[in-house]
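First up is the structure itself, then whatever we jot down about it.
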Amino acid sequence: MRHLLELESVPAAELANMLDTAESMAEILRRPIKRVPTLRGKTLLLLFFEASTRTRHSFELACKVLGADSLALSAATSSTTKGESLLDTGRTAEALGVDGVVVRHSSSGAPQLLARHLRLSVINAGDGTHEHPTQGLLDLFSVRARKGRIAGLRVCIVGDVLHSRVARSAVHGFTRLGADVVLSGPPALLPPRGDGWPVELEPDLDRALDGADVVMVLRIQKERQEGGMFPSIAEYRARWGIDAARLARAKPDAVLMHPGPVNEGVELAPELMTAPPSLIAAQVAAGVAVRMAVLYLLLGGVGG
Ligand code: CP
């Protein structure tokens, strides 16, 4: 594997290998001195054309722990403001001698374009409404760590599935590893006919939550909506927001997830963010171990 562009095409065995590798990385992160020289001499360019806190900084931290160097390109101060194309930016990175690029872009398919034309490794850090594969991996990792398994779990994904690259990667990852996935949310924000995925569509949220082991709440992505997808924030909160009463429809030991950042009091009641069922902080922590694993597997850690 040279690139990580999506989870849709990753076989189950490879997903499991990435999660197992992330467990080894998590062990390094529990040591008093969190440094290994595994990727010393490697350089990664972080190309973030959209805002990010968790993904960008966990990649930076992953590089530091593994001994790799990271360079961050700020879209606002780079030559993209002078009209340089994404591909020319990628070619410039290649000429500078970097070993891999991590790219977040508003256009679905941007990382695939780079991967087709460049010889270095490309990691998708979220492309438009397509996928966010390292988020999918950290979601799998967090659930497996708490529940001990993925297969056979009922995973309820709630909200703006249509615009969510997080949901797409989660659907592919969880179903590939044997979970049952049900999607719920306003009909205008659910993919028509489930996009052909092996999932259940249940617009009635209470029924969708019934018996769920995992409740994954999605962020309302105002930046990707054309407007009019639901009547108002108040109506969204009343019909689709997750609060303690709604969460009680799921199994008593159900876990609660959200990729962040949370629109507090809209899709999720603020007091649930740090309540015992919440995996939100664990998801952020898992992001470092998972991204270390991806860098290790792509940039020559194996046998290197
Ligand atoms: N979950 C996620 O991608 O968060 P950031 O936008 O903060 O990176």
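Numbering starts fresh at 1 for the residues of each chain in the structure tokens, the chains themselves are lettered A, B, ... in the order given, and ligands are numbered from 1 as they appear.
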Requested in this report: Name all residues at most 10 Å from Pro11 in chain A (count only C-alpha atoms; drop same-chain ones fewer than 6 positions away) and give them as an MDAnalysis selection string.
Outcome: chainID A and resid 173 176:177
Expected file contents, prior selection, N, CA, C and O atoms, as a compact mmCIF listing (two decimals), in the first residue's frame:
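Done, and the output landed in part09.txt:
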```txt
# COMPACT_ATOMS: atom_id res chain seq x y z
N GLY A 173 -15.86 1.15 6.71
CA GLY A 173 -15.03 0.46 7.71
C GLY A 173 -15.85 -0.49 8.58
O GLY A 173 -15.49 -1.66 8.75
N ARG A 176 -17.38 -3.44 6.53
CA ARG A 176 -16.32 -4.37 6.08
C ARG A 176 -15.89 -5.28 7.21
O ARG A 176 -15.55 -6.44 7.00
N LEU A 177 -15.93 -4.76 8.45
CA LEU A 177 -15.50 -5.58 9.60
C LEU A 177 -16.68 -6.27 10.28
O LEU A 177 -16.55 -6.78 11.39
```
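Proximity to range 209-213 of chain A at 8 Å, evaluated using only C-alpha atoms and with sequence-adjacent residues fewer than 2 positions away removed, yields Leu153, Arg154, Val155, Cys156, Leu205, Asp206, Arg207, Val215, Arg246, Leu247, Arg249, Ala250, Lys251, Asp253, Ala254 and Val255 of chain A.
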Restricting it to N, CA and C atoms, dump the selection as a PDB file, in the first residue's frame.
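File produced: part.pdb:
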```
ATOM      1  N   LEU A 153     -21.800  -5.764  16.012  1.00  0.00           N
ATOM      2  CA  LEU A 153     -22.323  -4.576  16.707  1.00  0.00           C
ATOM      3  C   LEU A 153     -23.348  -3.865  15.815  1.00  0.00           C
ATOM      4  N   ARG A 154     -24.314  -3.220  16.475  1.00  0.00           N
ATOM      5  CA  ARG A 154     -25.261  -2.385  15.725  1.00  0.00           C
ATOM      6  C   ARG A 154     -24.799  -0.930  15.877  1.00  0.00           C
ATOM      7  N   VAL A 155     -24.458  -0.319  14.744  1.00  0.00           N
ATOM      8  CA  VAL A 155     -23.912   1.041  14.737  1.00  0.00           C
ATOM      9  C   VAL A 155     -24.948   1.970  14.107  1.00  0.00           C
ATOM     10  N   CYS A 156     -25.416   2.932  14.883  1.00  0.00           N
ATOM     11  CA  CYS A 156     -26.425   3.879  14.399  1.00  0.00           C
ATOM     12  C   CYS A 156     -25.725   5.212  14.100  1.00  0.00           C
ATOM     13  N   LEU A 205     -35.871   8.147  14.088  1.00  0.00           N
ATOM     14  CA  LEU A 205     -34.670   8.091  14.918  1.00  0.00           C
ATOM     15  C   LEU A 205     -34.822   7.135  16.104  1.00  0.00           C
ATOM     16  N   ASP A 206     -35.983   7.150  16.768  1.00  0.00           N
ATOM     17  CA  ASP A 206     -36.157   6.276  17.930  1.00  0.00           C
ATOM     18  C   ASP A 206     -36.017   4.810  17.535  1.00  0.00           C
ATOM     19  N   ARG A 207     -36.559   4.452  16.381  1.00  0.00           N
ATOM     20  CA  ARG A 207     -36.419   3.060  15.924  1.00  0.00           C
ATOM     21  C   ARG A 207     -34.977   2.747  15.547  1.00  0.00           C
ATOM     22  N   VAL A 215     -23.635   4.773  18.999  1.00  0.00           N
ATOM     23  CA  VAL A 215     -24.409   5.890  18.437  1.00  0.00           C
ATOM     24  C   VAL A 215     -23.402   6.927  17.959  1.00  0.00           C
ATOM     25  N   ARG A 246     -32.945  10.418  24.449  1.00  0.00           N
ATOM     26  CA  ARG A 246     -32.800   9.714  23.167  1.00  0.00           C
ATOM     27  C   ARG A 246     -31.759   8.606  23.289  1.00  0.00           C
ATOM     28  N   LEU A 247     -30.642   8.932  23.936  1.00  0.00           N
ATOM     29  CA  LEU A 247     -29.567   7.949  24.042  1.00  0.00           C
ATOM     30  C   LEU A 247     -30.043   6.710  24.800  1.00  0.00           C
ATOM     31  N   ARG A 249     -32.590   5.107  24.382  1.00  0.00           N
ATOM     32  CA  ARG A 249     -33.202   4.133  23.457  1.00  0.00           C
ATOM     33  C   ARG A 249     -32.185   3.066  23.031  1.00  0.00           C
ATOM     34  N   ALA A 250     -30.909   3.453  23.067  1.00  0.00           N
ATOM     35  CA  ALA A 250     -29.858   2.501  22.671  1.00  0.00           C
ATOM     36  C   ALA A 250     -29.630   1.511  23.820  1.00  0.00           C
ATOM     37  N   LYS A 251     -28.733   0.543  23.623  1.00  0.00           N
ATOM     38  CA  LYS A 251     -28.445  -0.425  24.693  1.00  0.00           C
ATOM     39  C   LYS A 251     -27.878   0.299  25.912  1.00  0.00           C
ATOM     40  N   ASP A 253     -25.307  -0.190  27.610  1.00  0.00           N
ATOM     41  CA  ASP A 253     -23.850  -0.011  27.558  1.00  0.00           C
ATOM     42  C   ASP A 253     -23.399   0.578  26.223  1.00  0.00           C
ATOM     43  N   ALA A 254     -24.317   1.257  25.543  1.00  0.00           N
ATOM     44  CA  ALA A 254     -23.963   1.848  24.242  1.00  0.00           C
ATOM     45  C   ALA A 254     -22.920   2.943  24.418  1.00  0.00           C
ATOM     46  N   VAL A 255     -22.082   3.113  23.393  1.00  0.00           N
ATOM     47  CA  VAL A 255     -21.099   4.210  23.405  1.00  0.00           C
ATOM     48  C   VAL A 255     -21.562   5.298  22.438  1.00  0.00           C
TER      49      VAL A 255
END
```
Query raised in the report: By how many Å are CA of Arg116 in chain A and CA of Thr129 in chain A apart?
Result: 19.8 Å
Return as a Markdown table the residues of chain A lying at most 8 Å from ligand 1, together with the closest atom-to-atom pair for each and the distance in Å to one decimal, counting only C-alpha atoms and all ligand atoms, with rows in chain order and ascending residue number.
```
| residue | atom | partner | partner_atom_place_in_ligand_line | distance |
| --- | --- | --- | --- | --- |
| A:Ala51 | CA | ligand 1 | 6 (O) | 6.1 |
| A:Ser52 | CA | ligand 1 | 8 (O) | 3.7 |
| A:Thr53 | CA | ligand 1 | 7 (O) | 3.6 |
| A:Arg54 | CA | ligand 1 | 7 (O) | 3.9 |
| A:Thr55 | CA | ligand 1 | 8 (O) | 3.7 |
| A:Arg56 | CA | ligand 1 | 8 (O) | 5.9 |
| A:His57 | CA | ligand 1 | 8 (O) | 7.9 |
| A:Ala125 | CA | ligand 1 | 3 (O) | 7.5 |
| A:Gly126 | CA | ligand 1 | 3 (O) | 7.1 |
| A:His132 | CA | ligand 1 | 3 (O) | 7.4 |
| A:Gln135 | CA | ligand 1 | 1 (N) | 6.3 |
| A:Val166 | CA | ligand 1 | 1 (N) | 7.6 |
| A:Pro259 | CA | ligand 1 | 1 (N) | 4.3 |
| A:Gly260 | CA | ligand 1 | 1 (N) | 4.9 |
| A:Pro261 | CA | ligand 1 | 7 (O) | 6.0 |
```
Query raised in the report: If you count only C-alpha atoms, which residues fall within 9 Å of Ile233 in chain A, apart from same-chain ones fewer than 4 positions away, as a ChimeraX atom specification?
Result: /A:237-238,266
Put those residues in a file: all heavy atoms, as a short mmCIF file (atom, residue, chain, number, x, y, z; two decimals), in the first residue's frame.
```cif
data_model
loop_
_atom_site.label_atom_id
_atom_site.label_comp_id
_atom_site.auth_asym_id
_atom_site.auth_seq_id
_atom_site.Cartn_x
_atom_site.Cartn_y
_atom_site.Cartn_z
N ARG A 237 -32.79 20.18 16.33
CA ARG A 237 -32.48 19.73 17.70
C ARG A 237 -33.62 18.88 18.25
O ARG A 237 -33.41 17.82 18.84
CB ARG A 237 -32.23 20.95 18.59
CG ARG A 237 -31.97 20.58 20.04
CD ARG A 237 -31.56 21.78 20.89
NE ARG A 237 -32.35 22.95 20.60
CZ ARG A 237 -31.85 24.13 20.24
NH1 ARG A 237 -30.56 24.29 20.14
NH2 ARG A 237 -32.63 25.15 20.00
N ALA A 238 -34.86 19.34 18.01
CA ALA A 238 -36.02 18.64 18.57
C ALA A 238 -36.19 17.26 17.94
O ALA A 238 -36.50 16.29 18.64
CB ALA A 238 -37.27 19.48 18.36
N VAL A 266 -26.99 21.42 19.36
CA VAL A 266 -27.71 21.23 18.09
C VAL A 266 -27.82 19.73 17.86
O VAL A 266 -28.84 19.12 18.20
CB VAL A 266 -27.03 21.96 16.92
CG1 VAL A 266 -27.85 21.76 15.63
CG2 VAL A 266 -26.87 23.43 17.22
#
```
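Between CA of Val284 in chain A and CA of Met18 in chain A the separation is 17.0 Å.
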Requested in this report: Any chance you could list, as an MDAnalysis selection string, the residues in range 63-241 of chain A that come up strand (DSSP E) when DSSP is run on the backbone?
Outcome: chainID A and resid 69:74 100:105 121:127 154:158 180:184 200:201 214:217
Report task. Would you mind listing what lies within 7 Å of range 34-48 of chain A as a ChimeraX atom specification, with only C-alpha atoms counted and same-chain residues fewer than 3 positions away left out? Result -> /A:28-29,31,51,65-75,98-105,301
**Report entry** Which of A:Glu8, A:Glu271, A:Glu84, A:Asp20 sits closest to Leu138 in chain A [using only C-alpha atoms]
**Finding:** A:Asp20
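All residues in range 169-221 of chain A with a DSSP state of helix (DSSP H, G or I), computed from the backbone, read Ser169, Ala170, Val171, His172, Gly173, Phe174, Thr175, Arg176, Pro187, Ala188, Leu189, Pro192, Arg193, Gly194, Asp195, Gly196, Leu205, Asp206, Arg207, Ala208 and Leu209 of chain A.
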Output for the residues just chosen: N, CA and C atoms as a PDB file, in the first residue's frame:
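Final output, saved to again-v9.pdb:
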```
ATOM      1  N   SER A 169     -16.645   7.017   5.370  1.00  0.00           N
ATOM      2  CA  SER A 169     -15.542   6.147   5.803  1.00  0.00           C
ATOM      3  C   SER A 169     -16.010   5.197   6.904  1.00  0.00           C
ATOM      4  N   ALA A 170     -16.878   5.688   7.793  1.00  0.00           N
ATOM      5  CA  ALA A 170     -17.382   4.816   8.867  1.00  0.00           C
ATOM      6  C   ALA A 170     -18.226   3.684   8.289  1.00  0.00           C
ATOM      7  N   VAL A 171     -19.099   4.008   7.335  1.00  0.00           N
ATOM      8  CA  VAL A 171     -19.940   2.962   6.726  1.00  0.00           C
ATOM      9  C   VAL A 171     -19.053   1.874   6.120  1.00  0.00           C
ATOM     10  N   HIS A 172     -18.053   2.269   5.347  1.00  0.00           N
ATOM     11  CA  HIS A 172     -17.216   1.256   4.692  1.00  0.00           C
ATOM     12  C   HIS A 172     -16.417   0.457   5.730  1.00  0.00           C
ATOM     13  N   GLY A 173     -15.857   1.151   6.713  1.00  0.00           N
ATOM     14  CA  GLY A 173     -15.033   0.458   7.708  1.00  0.00           C
ATOM     15  C   GLY A 173     -15.846  -0.487   8.578  1.00  0.00           C
ATOM     16  N   PHE A 174     -16.960   0.015   9.130  1.00  0.00           N
ATOM     17  CA  PHE A 174     -17.747  -0.825  10.053  1.00  0.00           C
ATOM     18  C   PHE A 174     -18.397  -2.006   9.322  1.00  0.00           C
ATOM     19  N   THR A 175     -18.931  -1.766   8.128  1.00  0.00           N
ATOM     20  CA  THR A 175     -19.580  -2.894   7.434  1.00  0.00           C
ATOM     21  C   THR A 175     -18.537  -3.916   6.970  1.00  0.00           C
ATOM     22  N   ARG A 176     -17.377  -3.435   6.527  1.00  0.00           N
ATOM     23  CA  ARG A 176     -16.324  -4.369   6.076  1.00  0.00           C
ATOM     24  C   ARG A 176     -15.889  -5.279   7.214  1.00  0.00           C
ATOM     25  N   PRO A 187     -34.705  13.203   6.022  1.00  0.00           N
ATOM     26  CA  PRO A 187     -34.661  12.524   4.717  1.00  0.00           C
ATOM     27  C   PRO A 187     -33.803  13.248   3.683  1.00  0.00           C
ATOM     28  N   ALA A 188     -33.799  14.599   3.712  1.00  0.00           N
ATOM     29  CA  ALA A 188     -33.007  15.346   2.724  1.00  0.00           C
ATOM     30  C   ALA A 188     -31.506  15.222   2.973  1.00  0.00           C
ATOM     31  N   LEU A 189     -31.122  14.722   4.168  1.00  0.00           N
ATOM     32  CA  LEU A 189     -29.707  14.586   4.489  1.00  0.00           C
ATOM     33  C   LEU A 189     -29.252  13.124   4.512  1.00  0.00           C
ATOM     34  N   PRO A 192     -29.778   8.980  -1.121  1.00  0.00           N
ATOM     35  CA  PRO A 192     -30.898   8.280  -1.736  1.00  0.00           C
ATOM     36  C   PRO A 192     -30.610   6.776  -1.827  1.00  0.00           C
ATOM     37  N   ARG A 193     -31.560   5.980  -1.367  1.00  0.00           N
ATOM     38  CA  ARG A 193     -31.446   4.514  -1.386  1.00  0.00           C
ATOM     39  C   ARG A 193     -30.141   4.021  -0.749  1.00  0.00           C
ATOM     40  N   GLY A 194     -29.597   4.812   0.193  1.00  0.00           N
ATOM     41  CA  GLY A 194     -28.401   4.376   0.922  1.00  0.00           C
ATOM     42  C   GLY A 194     -27.173   4.257   0.057  1.00  0.00           C
ATOM     43  N   ASP A 195     -27.174   4.895  -1.125  1.00  0.00           N
ATOM     44  CA  ASP A 195     -26.013   4.890  -2.034  1.00  0.00           C
ATOM     45  C   ASP A 195     -25.559   3.477  -2.411  1.00  0.00           C
ATOM     46  N   GLY A 196     -26.445   2.490  -2.245  1.00  0.00           N
ATOM     47  CA  GLY A 196     -26.066   1.119  -2.585  1.00  0.00           C
ATOM     48  C   GLY A 196     -25.182   0.455  -1.535  1.00  0.00           C
ATOM     49  N   LEU A 205     -35.871   8.147  14.088  1.00  0.00           N
ATOM     50  CA  LEU A 205     -34.670   8.091  14.918  1.00  0.00           C
ATOM     51  C   LEU A 205     -34.822   7.135  16.104  1.00  0.00           C
ATOM     52  N   ASP A 206     -35.983   7.150  16.768  1.00  0.00           N
ATOM     53  CA  ASP A 206     -36.157   6.276  17.930  1.00  0.00           C
ATOM     54  C   ASP A 206     -36.017   4.810  17.535  1.00  0.00           C
ATOM     55  N   ARG A 207     -36.559   4.452  16.381  1.00  0.00           N
ATOM     56  CA  ARG A 207     -36.419   3.060  15.924  1.00  0.00           C
ATOM     57  C   ARG A 207     -34.977   2.747  15.547  1.00  0.00           C
ATOM     58  N   ALA A 208     -34.308   3.719  14.934  1.00  0.00           N
ATOM     59  CA  ALA A 208     -32.905   3.497  14.544  1.00  0.00           C
ATOM     60  C   ALA A 208     -32.024   3.273  15.773  1.00  0.00           C
ATOM     61  N   LEU A 209     -32.334   3.991  16.858  1.00  0.00           N
ATOM     62  CA  LEU A 209     -31.510   3.888  18.073  1.00  0.00           C
ATOM     63  C   LEU A 209     -31.774   2.609  18.859  1.00  0.00           C
TER      64      LEU A 209
END
```
Report task. Choose the residue, out of A:Ser78, A:Ser184, A:Gln283, A:Asn263, that has the smallest atom-to-atom separation from Val143 in chain A; count only C-alpha atoms. Result ->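 Closest to Val143 in chain A, using only C-alpha atoms: A:Gln283.
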Query - Residue nearest Arg239 in chain A among A:Glu264, A:Glu27, A:Glu50, A:Asp204 (counting only C-alpha atoms) - result: A:Asp204
Report task. Compare A:Leu86, A:Leu201, A:Ala248, A:Ala95 by their minimum atom-to-atom distance to Leu113 in chain A, counting only C-alpha atoms, and give me the closest one. Result ->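 Checking each of A:Leu86, A:Leu201, A:Ala248, A:Ala95 against Leu113 in chain A, counting only C-alpha atoms, the winner is A:Leu86.
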Report task. Rank A:Gly241, A:Pro270, A:Gly109, A:Gly136 by their smallest atom-to-atom distance to Ala286 in chain A, using only C-alpha atoms, and report the top residue only. Result -> A:Gly136
